[in-house]
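Student: Structure file model.cif (mmCIF, N, CA and C atoms) is given on the next line.
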data_model
loop_
_atom_site.label_atom_id
_atom_site.label_comp_id
_atom_site.auth_asym_id
_atom_site.auth_seq_id
_atom_site.Cartn_x
_atom_site.Cartn_y
_atom_site.Cartn_z
N MET A 1191 6.55 5.64 -16.31
CA MET A 1191 5.78 6.84 -16.21
C MET A 1191 4.49 6.55 -15.44
N ILE A 1192 3.88 7.58 -14.92
CA ILE A 1192 2.67 7.39 -14.10
C ILE A 1192 1.54 6.84 -14.96
N ARG A 1193 0.92 5.76 -14.48
CA ARG A 1193 -0.21 5.14 -15.16
C ARG A 1193 -1.52 5.57 -14.52
N GLN A 1194 -1.59 5.48 -13.17
CA GLN A 1194 -2.82 5.83 -12.46
C GLN A 1194 -2.54 5.83 -10.96
N LEU A 1195 -3.51 6.35 -10.19
CA LEU A 1195 -3.46 6.21 -8.75
C LEU A 1195 -3.61 4.73 -8.43
N ALA A 1196 -2.72 4.16 -7.61
CA ALA A 1196 -2.78 2.74 -7.30
C ALA A 1196 -3.57 2.47 -6.02
N HIS A 1197 -3.25 3.21 -4.94
CA HIS A 1197 -3.99 3.01 -3.70
C HIS A 1197 -3.81 4.19 -2.76
N LEU A 1198 -4.71 4.27 -1.79
CA LEU A 1198 -4.58 5.14 -0.63
C LEU A 1198 -4.39 4.22 0.56
N ASN A 1199 -3.49 4.58 1.48
CA ASN A 1199 -3.15 3.72 2.60
C ASN A 1199 -3.57 4.36 3.92
N PHE A 1200 -4.22 3.55 4.76
CA PHE A 1200 -4.68 3.98 6.08
C PHE A 1200 -4.30 2.93 7.10
N VAL A 1201 -4.17 3.34 8.36
CA VAL A 1201 -4.02 2.40 9.47
C VAL A 1201 -5.25 2.53 10.37
N THR A 1202 -5.50 1.47 11.13
CA THR A 1202 -6.67 1.45 12.00
C THR A 1202 -6.38 0.61 13.23
N ASP A 1203 -7.13 0.88 14.28
CA ASP A 1203 -7.13 0.01 15.46
C ASP A 1203 -8.39 -0.84 15.50
N ASN A 1204 -9.23 -0.74 14.45
CA ASN A 1204 -10.51 -1.45 14.39
C ASN A 1204 -10.67 -2.18 13.06
N LEU A 1205 -9.73 -3.05 12.74
CA LEU A 1205 -9.72 -3.69 11.43
C LEU A 1205 -11.01 -4.46 11.14
N SER A 1206 -11.54 -5.17 12.11
CA SER A 1206 -12.76 -5.94 11.86
C SER A 1206 -13.93 -5.02 11.51
N GLN A 1207 -14.02 -3.86 12.14
CA GLN A 1207 -15.09 -2.91 11.82
C GLN A 1207 -14.88 -2.30 10.43
N ILE A 1208 -13.62 -2.06 10.07
CA ILE A 1208 -13.30 -1.52 8.74
C ILE A 1208 -13.73 -2.54 7.67
N VAL A 1209 -13.36 -3.81 7.87
CA VAL A 1209 -13.72 -4.85 6.91
C VAL A 1209 -15.24 -4.93 6.80
N ASP A 1210 -15.94 -4.93 7.92
CA ASP A 1210 -17.39 -4.99 7.90
C ASP A 1210 -17.98 -3.81 7.12
N PHE A 1211 -17.48 -2.61 7.37
CA PHE A 1211 -18.00 -1.42 6.70
C PHE A 1211 -17.81 -1.49 5.19
N TYR A 1212 -16.57 -1.74 4.76
CA TYR A 1212 -16.28 -1.70 3.32
C TYR A 1212 -16.88 -2.89 2.56
N VAL A 1213 -16.92 -4.08 3.19
CA VAL A 1213 -17.45 -5.26 2.52
C VAL A 1213 -18.97 -5.34 2.68
N ASN A 1214 -19.45 -5.33 3.91
CA ASN A 1214 -20.86 -5.58 4.16
C ASN A 1214 -21.76 -4.36 3.99
N LYS A 1215 -21.23 -3.19 4.22
CA LYS A 1215 -22.04 -1.97 4.07
C LYS A 1215 -21.90 -1.38 2.67
N LEU A 1216 -20.66 -1.17 2.20
CA LEU A 1216 -20.45 -0.56 0.90
C LEU A 1216 -20.49 -1.57 -0.25
N GLY A 1217 -20.30 -2.85 0.07
CA GLY A 1217 -20.35 -3.88 -0.96
C GLY A 1217 -19.06 -4.04 -1.75
N MET A 1218 -17.94 -3.55 -1.21
CA MET A 1218 -16.66 -3.70 -1.90
C MET A 1218 -16.15 -5.12 -1.71
N LYS A 1219 -15.25 -5.55 -2.57
CA LYS A 1219 -14.64 -6.88 -2.49
C LYS A 1219 -13.19 -6.75 -2.01
N VAL A 1220 -12.76 -7.74 -1.24
CA VAL A 1220 -11.36 -7.82 -0.82
C VAL A 1220 -10.61 -8.54 -1.93
N LYS A 1221 -9.62 -7.88 -2.51
CA LYS A 1221 -8.81 -8.51 -3.56
C LYS A 1221 -7.82 -9.49 -2.94
N PHE A 1222 -7.14 -9.04 -1.86
CA PHE A 1222 -6.21 -9.91 -1.14
C PHE A 1222 -5.91 -9.31 0.22
N THR A 1223 -5.29 -10.12 1.06
CA THR A 1223 -4.83 -9.67 2.37
C THR A 1223 -3.34 -9.92 2.48
N LEU A 1224 -2.69 -9.19 3.36
CA LEU A 1224 -1.32 -9.49 3.75
C LEU A 1224 -1.40 -10.05 5.16
N ASN A 1225 -0.67 -11.12 5.41
CA ASN A 1225 -0.75 -11.82 6.68
C ASN A 1225 0.50 -11.60 7.52
N HIS A 1226 0.28 -11.46 8.81
CA HIS A 1226 1.34 -11.37 9.80
C HIS A 1226 2.06 -12.72 9.84
N ALA A 1227 3.23 -12.77 10.40
CA ALA A 1227 4.03 -14.01 10.45
C ALA A 1227 3.25 -15.18 11.04
N HIS A 1228 2.35 -14.92 11.99
CA HIS A 1228 1.56 -16.01 12.58
C HIS A 1228 0.29 -16.31 11.79
N GLY A 1229 0.18 -15.76 10.57
CA GLY A 1229 -0.90 -16.12 9.66
C GLY A 1229 -2.15 -15.27 9.73
N GLN A 1230 -2.24 -14.36 10.67
CA GLN A 1230 -3.43 -13.52 10.81
C GLN A 1230 -3.37 -12.34 9.82
N PRO A 1231 -4.44 -12.10 9.07
CA PRO A 1231 -4.44 -10.95 8.16
C PRO A 1231 -4.30 -9.63 8.94
N PHE A 1232 -3.39 -8.79 8.48
CA PHE A 1232 -3.22 -7.48 9.10
C PHE A 1232 -3.37 -6.35 8.09
N GLY A 1233 -3.50 -6.70 6.81
CA GLY A 1233 -3.70 -5.71 5.76
C GLY A 1233 -4.73 -6.19 4.77
N TYR A 1234 -5.69 -5.34 4.44
CA TYR A 1234 -6.76 -5.67 3.49
C TYR A 1234 -6.70 -4.69 2.33
N TYR A 1235 -6.83 -5.24 1.12
CA TYR A 1235 -6.85 -4.44 -0.11
C TYR A 1235 -8.26 -4.54 -0.70
N PHE A 1236 -9.02 -3.45 -0.63
CA PHE A 1236 -10.38 -3.39 -1.14
C PHE A 1236 -10.35 -2.86 -2.57
N GLU A 1237 -10.98 -3.62 -3.49
CA GLU A 1237 -10.99 -3.24 -4.92
C GLU A 1237 -11.82 -1.98 -5.15
N CYS A 1238 -11.24 -1.07 -5.93
CA CYS A 1238 -11.95 0.14 -6.34
C CYS A 1238 -12.09 0.22 -7.86
N GLY A 1239 -11.71 -0.84 -8.57
CA GLY A 1239 -11.78 -0.87 -10.03
C GLY A 1239 -10.46 -0.50 -10.67
N ASN A 1240 -10.22 -1.04 -11.86
CA ASN A 1240 -9.02 -0.72 -12.65
C ASN A 1240 -7.72 -0.89 -11.87
N SER A 1241 -7.62 -1.93 -11.07
CA SER A 1241 -6.44 -2.24 -10.23
C SER A 1241 -6.07 -1.08 -9.31
N THR A 1242 -7.10 -0.41 -8.77
CA THR A 1242 -6.88 0.60 -7.72
C THR A 1242 -7.53 0.09 -6.43
N PHE A 1243 -6.99 0.53 -5.29
CA PHE A 1243 -7.39 -0.04 -4.01
C PHE A 1243 -7.44 0.99 -2.90
N LEU A 1244 -8.26 0.67 -1.89
CA LEU A 1244 -8.14 1.26 -0.57
C LEU A 1244 -7.42 0.19 0.25
N GLU A 1245 -6.39 0.61 0.97
CA GLU A 1245 -5.50 -0.31 1.69
C GLU A 1245 -5.57 0.04 3.17
N PHE A 1246 -5.98 -0.91 4.00
CA PHE A 1246 -6.08 -0.68 5.45
C PHE A 1246 -5.22 -1.70 6.18
N PHE A 1247 -4.44 -1.21 7.16
CA PHE A 1247 -3.59 -2.08 7.98
C PHE A 1247 -3.90 -1.89 9.45
N ASP A 1248 -3.88 -3.00 10.19
CA ASP A 1248 -3.93 -2.93 11.64
C ASP A 1248 -2.64 -2.26 12.11
N GLN A 1249 -2.78 -1.16 12.83
CA GLN A 1249 -1.62 -0.36 13.23
C GLN A 1249 -0.58 -1.16 14.02
N LYS A 1250 -1.02 -1.91 15.01
CA LYS A 1250 -0.08 -2.63 15.87
C LYS A 1250 0.68 -3.72 15.11
N MET A 1251 -0.06 -4.51 14.32
CA MET A 1251 0.61 -5.58 13.57
C MET A 1251 1.51 -5.01 12.49
N ALA A 1252 1.10 -3.93 11.84
CA ALA A 1252 1.95 -3.30 10.82
C ALA A 1252 3.25 -2.80 11.43
N SER A 1253 3.19 -2.25 12.64
CA SER A 1253 4.42 -1.78 13.28
C SER A 1253 5.32 -2.94 13.65
N GLN A 1254 4.75 -4.11 13.93
CA GLN A 1254 5.57 -5.30 14.20
C GLN A 1254 6.27 -5.78 12.93
N VAL A 1255 5.61 -5.65 11.79
CA VAL A 1255 6.18 -6.11 10.53
C VAL A 1255 7.19 -5.11 9.98
N TRP A 1256 6.83 -3.82 9.96
CA TRP A 1256 7.66 -2.82 9.29
C TRP A 1256 8.33 -1.82 10.23
N GLY A 1257 8.04 -1.91 11.52
CA GLY A 1257 8.59 -0.93 12.45
C GLY A 1257 7.72 0.31 12.51
N GLY A 1258 8.14 1.25 13.29
CA GLY A 1258 7.37 2.48 13.45
C GLY A 1258 6.69 2.51 14.79
N MET A 1259 6.25 3.70 15.14
CA MET A 1259 5.63 3.90 16.44
C MET A 1259 4.13 3.67 16.37
N ILE A 1260 3.59 3.16 17.46
CA ILE A 1260 2.15 3.04 17.61
C ILE A 1260 1.67 4.33 18.25
N LYS A 1261 0.74 5.00 17.60
CA LYS A 1261 0.25 6.29 18.09
C LYS A 1261 -1.25 6.20 18.31
N GLU A 1262 -1.74 7.10 19.15
CA GLU A 1262 -3.19 7.20 19.30
C GLU A 1262 -3.76 7.68 17.97
N LEU A 1263 -4.73 6.96 17.46
CA LEU A 1263 -5.34 7.33 16.19
C LEU A 1263 -6.56 8.20 16.44
N THR A 1264 -6.52 9.37 15.88
CA THR A 1264 -7.64 10.30 15.95
C THR A 1264 -7.98 10.70 14.53
N VAL A 1265 -9.06 11.43 14.36
CA VAL A 1265 -9.46 11.88 13.03
C VAL A 1265 -8.28 12.61 12.40
N GLY A 1266 -7.93 12.21 11.18
CA GLY A 1266 -6.84 12.84 10.46
C GLY A 1266 -5.48 12.18 10.62
N THR A 1267 -5.36 11.21 11.54
CA THR A 1267 -4.05 10.57 11.74
C THR A 1267 -3.98 9.17 11.14
N ARG A 1268 -5.03 8.73 10.49
CA ARG A 1268 -5.05 7.37 9.95
C ARG A 1268 -4.47 7.28 8.54
N TYR A 1269 -4.51 8.38 7.82
CA TYR A 1269 -3.96 8.41 6.46
C TYR A 1269 -2.44 8.30 6.55
N LYS A 1270 -1.82 7.45 5.72
CA LYS A 1270 -0.37 7.26 5.77
C LYS A 1270 0.33 7.63 4.47
N HIS A 1271 -0.16 7.22 3.32
CA HIS A 1271 0.49 7.57 2.06
C HIS A 1271 -0.45 7.30 0.90
N PHE A 1272 -0.08 7.82 -0.27
CA PHE A 1272 -0.78 7.39 -1.48
C PHE A 1272 0.25 6.79 -2.40
N CYS A 1273 -0.24 5.99 -3.33
CA CYS A 1273 0.64 5.25 -4.22
C CYS A 1273 0.25 5.51 -5.66
N LEU A 1274 1.26 5.73 -6.49
CA LEU A 1274 1.07 5.88 -7.92
C LEU A 1274 1.58 4.63 -8.61
N GLU A 1275 0.75 4.04 -9.44
CA GLU A 1275 1.21 2.92 -10.26
C GLU A 1275 2.01 3.50 -11.41
N VAL A 1276 3.21 2.99 -11.62
CA VAL A 1276 4.06 3.48 -12.70
C VAL A 1276 4.49 2.30 -13.57
N THR A 1277 4.90 2.63 -14.77
CA THR A 1277 5.54 1.65 -15.65
C THR A 1277 6.97 2.13 -15.85
N GLY A 1278 7.90 1.20 -16.06
CA GLY A 1278 9.30 1.57 -16.22
C GLY A 1278 9.85 2.23 -14.97
N LEU A 1279 9.74 1.54 -13.84
CA LEU A 1279 10.11 2.12 -12.54
C LEU A 1279 11.55 2.63 -12.49
N GLU A 1280 12.51 1.85 -13.00
CA GLU A 1280 13.90 2.30 -12.95
C GLU A 1280 14.09 3.60 -13.73
N GLU A 1281 13.55 3.63 -14.93
CA GLU A 1281 13.68 4.83 -15.77
C GLU A 1281 13.01 6.03 -15.10
N TYR A 1282 11.82 5.81 -14.52
CA TYR A 1282 11.11 6.91 -13.88
C TYR A 1282 11.89 7.43 -12.67
N CYS A 1283 12.47 6.52 -11.88
CA CYS A 1283 13.27 6.94 -10.72
C CYS A 1283 14.50 7.74 -11.17
N ARG A 1284 15.15 7.30 -12.24
CA ARG A 1284 16.29 8.06 -12.78
C ARG A 1284 15.87 9.47 -13.19
N LEU A 1285 14.71 9.57 -13.84
CA LEU A 1285 14.19 10.87 -14.25
C LEU A 1285 13.94 11.76 -13.04
N LEU A 1286 13.32 11.22 -12.01
CA LEU A 1286 13.05 12.00 -10.81
C LEU A 1286 14.34 12.47 -10.15
N LYS A 1287 15.33 11.59 -10.08
CA LYS A 1287 16.63 11.96 -9.50
C LYS A 1287 17.27 13.07 -10.33
N SER A 1288 17.15 13.00 -11.66
CA SER A 1288 17.73 14.03 -12.52
C SER A 1288 17.05 15.38 -12.31
N ARG A 1289 15.85 15.35 -11.76
CA ARG A 1289 15.10 16.57 -11.46
C ARG A 1289 15.32 17.04 -10.03
N GLY A 1290 16.27 16.38 -9.34
CA GLY A 1290 16.65 16.81 -8.00
C GLY A 1290 15.88 16.19 -6.85
N LEU A 1291 15.07 15.18 -7.12
CA LEU A 1291 14.32 14.55 -6.05
C LEU A 1291 15.11 13.42 -5.40
N GLU A 1292 14.91 13.24 -4.11
CA GLU A 1292 15.47 12.09 -3.42
C GLU A 1292 14.52 10.93 -3.62
N VAL A 1293 15.05 9.79 -4.07
CA VAL A 1293 14.25 8.60 -4.36
C VAL A 1293 14.90 7.43 -3.63
N SER A 1294 14.08 6.65 -2.95
CA SER A 1294 14.61 5.48 -2.24
C SER A 1294 15.09 4.43 -3.25
N ASP A 1295 15.79 3.44 -2.74
CA ASP A 1295 16.12 2.29 -3.56
C ASP A 1295 14.85 1.56 -3.95
N ILE A 1296 14.89 0.86 -5.05
CA ILE A 1296 13.75 0.03 -5.48
C ILE A 1296 13.83 -1.29 -4.73
N THR A 1297 12.70 -1.68 -4.12
CA THR A 1297 12.63 -2.93 -3.37
C THR A 1297 11.40 -3.71 -3.81
N MET A 1298 11.34 -4.96 -3.38
CA MET A 1298 10.18 -5.81 -3.64
C MET A 1298 9.34 -5.83 -2.37
N GLY A 1299 8.06 -5.48 -2.48
CA GLY A 1299 7.17 -5.45 -1.34
C GLY A 1299 6.57 -6.80 -1.03
N MET A 1300 5.91 -6.90 0.12
CA MET A 1300 5.22 -8.13 0.52
C MET A 1300 4.14 -8.51 -0.49
N ASP A 1301 3.67 -7.53 -1.25
CA ASP A 1301 2.63 -7.76 -2.25
C ASP A 1301 3.21 -8.21 -3.59
N HIS A 1302 4.51 -8.46 -3.64
CA HIS A 1302 5.22 -8.92 -4.84
C HIS A 1302 5.23 -7.87 -5.95
N SER A 1303 5.17 -6.60 -5.56
CA SER A 1303 5.27 -5.49 -6.50
C SER A 1303 6.51 -4.69 -6.16
N ARG A 1304 7.19 -4.21 -7.20
CA ARG A 1304 8.39 -3.40 -6.98
C ARG A 1304 7.98 -1.99 -6.60
N GLN A 1305 8.76 -1.37 -5.68
CA GLN A 1305 8.38 -0.07 -5.18
C GLN A 1305 9.58 0.80 -4.86
N ALA A 1306 9.35 2.10 -4.92
CA ALA A 1306 10.30 3.11 -4.47
C ALA A 1306 9.48 4.20 -3.79
N TRP A 1307 10.15 5.05 -3.04
CA TRP A 1307 9.44 6.06 -2.25
C TRP A 1307 10.05 7.45 -2.48
N ILE A 1308 9.16 8.45 -2.50
CA ILE A 1308 9.56 9.85 -2.53
C ILE A 1308 8.65 10.59 -1.54
N SER A 1309 8.92 11.88 -1.33
CA SER A 1309 8.05 12.72 -0.51
C SER A 1309 7.82 14.03 -1.25
N ASP A 1310 6.63 14.60 -1.06
CA ASP A 1310 6.36 15.91 -1.65
C ASP A 1310 6.92 17.00 -0.73
N PRO A 1311 6.86 18.27 -1.13
CA PRO A 1311 7.44 19.33 -0.30
C PRO A 1311 6.85 19.45 1.11
N ASP A 1312 5.61 18.95 1.32
CA ASP A 1312 5.01 18.97 2.65
C ASP A 1312 5.36 17.73 3.46
N GLY A 1313 6.15 16.82 2.91
CA GLY A 1313 6.54 15.61 3.62
C GLY A 1313 5.58 14.45 3.45
N ASN A 1314 4.57 14.60 2.59
CA ASN A 1314 3.65 13.49 2.33
C ASN A 1314 4.37 12.39 1.57
N ARG A 1315 4.29 11.18 2.10
CA ARG A 1315 4.98 10.05 1.47
C ARG A 1315 4.21 9.59 0.26
N ILE A 1316 4.94 9.28 -0.81
CA ILE A 1316 4.36 8.81 -2.06
C ILE A 1316 5.09 7.54 -2.46
N GLU A 1317 4.34 6.46 -2.60
CA GLU A 1317 4.90 5.19 -3.03
C GLU A 1317 4.77 5.12 -4.55
N LEU A 1318 5.83 4.72 -5.20
CA LEU A 1318 5.83 4.48 -6.65
C LEU A 1318 5.88 2.97 -6.82
N MET A 1319 4.88 2.40 -7.48
CA MET A 1319 4.78 0.95 -7.54
C MET A 1319 4.63 0.49 -8.98
N GLU A 1320 5.39 -0.58 -9.30
CA GLU A 1320 5.27 -1.21 -10.61
C GLU A 1320 4.79 -2.63 -10.42
N TYR A 1321 3.63 -2.95 -10.99
CA TYR A 1321 3.09 -4.29 -10.90
C TYR A 1321 3.85 -5.22 -11.85
N GLY A 1322 3.98 -6.48 -11.43
CA GLY A 1322 4.56 -7.52 -12.26
C GLY A 1322 3.60 -8.71 -12.30
N ALA A 1323 4.01 -9.75 -12.98
CA ALA A 1323 3.14 -10.92 -13.19
C ALA A 1323 2.68 -11.54 -11.88
N SER A 1324 3.48 -11.47 -10.81
CA SER A 1324 3.10 -12.09 -9.55
C SER A 1324 2.54 -11.10 -8.53
N SER A 1325 2.32 -9.85 -8.93
CA SER A 1325 1.78 -8.84 -8.01
C SER A 1325 0.40 -9.26 -7.52
N LEU A 1326 0.23 -9.20 -6.21
CA LEU A 1326 -1.06 -9.57 -5.63
C LEU A 1326 -2.18 -8.65 -6.11
N GLN A 1327 -1.85 -7.41 -6.48
CA GLN A 1327 -2.87 -6.50 -6.99
C GLN A 1327 -3.49 -7.03 -8.28
N LEU A 1328 -2.75 -7.84 -9.01
CA LEU A 1328 -3.25 -8.42 -10.25
C LEU A 1328 -3.75 -9.85 -10.06
N THR A 1329 -3.05 -10.63 -9.23
CA THR A 1329 -3.40 -12.04 -9.07
C THR A 1329 -4.42 -12.29 -7.98
N GLY A 1330 -4.34 -11.48 -6.92
CA GLY A 1330 -5.20 -11.70 -5.75
C GLY A 1330 -4.83 -12.93 -4.97
N VAL A 1331 -3.76 -13.60 -5.36
CA VAL A 1331 -3.36 -14.86 -4.74
C VAL A 1331 -2.06 -14.65 -3.99
N GLN A 1332 -2.09 -14.96 -2.69
CA GLN A 1332 -0.88 -14.87 -1.88
C GLN A 1332 -0.26 -16.24 -1.77
N ASP A 1333 1.00 -16.35 -2.16
CA ASP A 1333 1.75 -17.60 -2.06
C ASP A 1333 2.47 -17.61 -0.74
N ASN A 1334 2.04 -18.46 0.19
CA ASN A 1334 2.63 -18.51 1.54
C ASN A 1334 3.70 -19.59 1.64
N SER A 1335 4.25 -20.03 0.49
CA SER A 1335 5.27 -21.09 0.56
C SER A 1335 6.62 -20.51 0.88
#
Would you mind writing the file out in structure tokens?
Tutor:
Amino acid sequence: MIRQLAHLNFVTDNLSQIVDFYVNKLGMKVKFTLNHAHGQPFGYYFECGNSTFLEFFDQKMASQVWGGMIKELTVGTRYKHFCLEVTGLEEYCRLLKSRGLEVSDITMGMDHSRQAWISDPDGNRIELMEYGASSLQLTGVQDNS
């Protein structure tokens, strides 16, 4: 069942400026990063308290990792999805399907958290995420082995 808002996701073409703004100007802390295959961070998770985050990804590197088109980013085009932290992900997905919703398969994300995806009637993507013992949202430690 839904526990809380987990994160808001944005893409950017100015990751270094985003990091500077949120860390050096607003005083937020980076909980963890996701790294591209060549080791360069392309995703930053900024702590907002109670295991909630603002999540920013470099658009070009994210498209290399997950696919998708690179688009000109203008005001209003940087927002990508929001995520709800849930408990009992399988049971919740079954419930949603019984209510007529299309739900993706449950997969393990790069952040070591289990996830599934749905969309609202306007097509807004919603990630459903269940944290586990090795979830980076809880540990802040990325195992690159």
Student: Using DSSP secondary structure from the backbone, list all strand (DSSP E) positions within chain A, as a ChimeraX atom specification.
Tutor: /A:1192-1202,1220-1225,1231-1239,1242-1248,1269-1276,1297-1298,1304-1309,1315-1320
Student: Run the PyMOL selection byres ((chain A and resi 1194) around 5) on the file and write out the hits as a CSV table (one decimal) with N, CA and C atoms, in the coordinates of the input.
Tutor:
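Saved file out-v3.csv follows:
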chain,number,residue,atom,x,y,z
A,1192,ILE,N,3.9,7.6,-14.9
A,1192,ILE,CA,2.7,7.4,-14.1
A,1192,ILE,C,1.5,6.8,-15.0
A,1193,ARG,N,0.9,5.8,-14.5
A,1193,ARG,CA,-0.2,5.1,-15.2
A,1193,ARG,C,-1.5,5.6,-14.5
A,1195,LEU,N,-3.5,6.4,-10.2
A,1195,LEU,CA,-3.5,6.2,-8.8
A,1195,LEU,C,-3.6,4.7,-8.4
A,1196,ALA,N,-2.7,4.2,-7.6
A,1196,ALA,CA,-2.8,2.7,-7.3
A,1196,ALA,C,-3.6,2.5,-6.0
A,1274,LEU,N,1.3,5.7,-6.5
A,1274,LEU,CA,1.1,5.9,-7.9
A,1274,LEU,C,1.6,4.6,-8.6
A,1275,GLU,N,0.8,4.0,-9.4
A,1275,GLU,CA,1.2,2.9,-10.3
A,1275,GLU,C,2.0,3.5,-11.4
Student: Determine the residue membership of the PyMOL selection byres (((chain A and resi 1237-1250 and name CA) around 10) and name CA) for the file above and supply it as a ChimeraX atom specification.
Tutor: /A:1194-1206,1208-1209,1212,1218-1224,1231-1236,1251-1255,1257-1263,1268-1275,1321,1327-1328
Student: Hey, can you check how far atom C of Ile1296 of chain A sits from atom C of Gly1278 of chain A?
Tutor: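 Atom-to-atom, atom C of Ile1296 of chain A to atom C of Gly1278 of chain A, that is 11.5 Å.
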Student: Any chance you could list, as a list in words, the residues in segment 1195-1314 of chain A that come up alpha helix (DSSP H) when DSSP is run on the backbone?
Tutor: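 Filtering segment 1195-1314 of chain A to alpha helix (DSSP H) leaves Leu1205, Ser1206, Gln1207, Ile1208, Val1209, Gln1249, Lys1250, Met1251, Ala1252, Ser1253, Gln1254, Val1255, Trp1256, Leu1279, Glu1280, Glu1281, Tyr1282, Cys1283, Arg1284, Leu1285, Leu1286, Lys1287 and Ser1288 of chain A.
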Student: The PyMOL selection byres ((chain A and resi 1304-1306) around 8) - which residues does that actually catch in the file I just gave you? List them as a list in words.
Tutor: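 Evaluating the PyMOL selection byres ((chain A and resi 1304-1306) around 8) on these coordinates yields Leu1279, Cys1283, Val1293, Ser1294, Asp1295, Ile1296, Thr1297, Met1298, Gly1299, Met1300, Asp1301, His1302, Ser1303, Trp1307, Ile1308, Ile1316, Glu1317, Leu1318, Met1319, Glu1320, Tyr1321, Gly1322 and Ser1325 of chain A.
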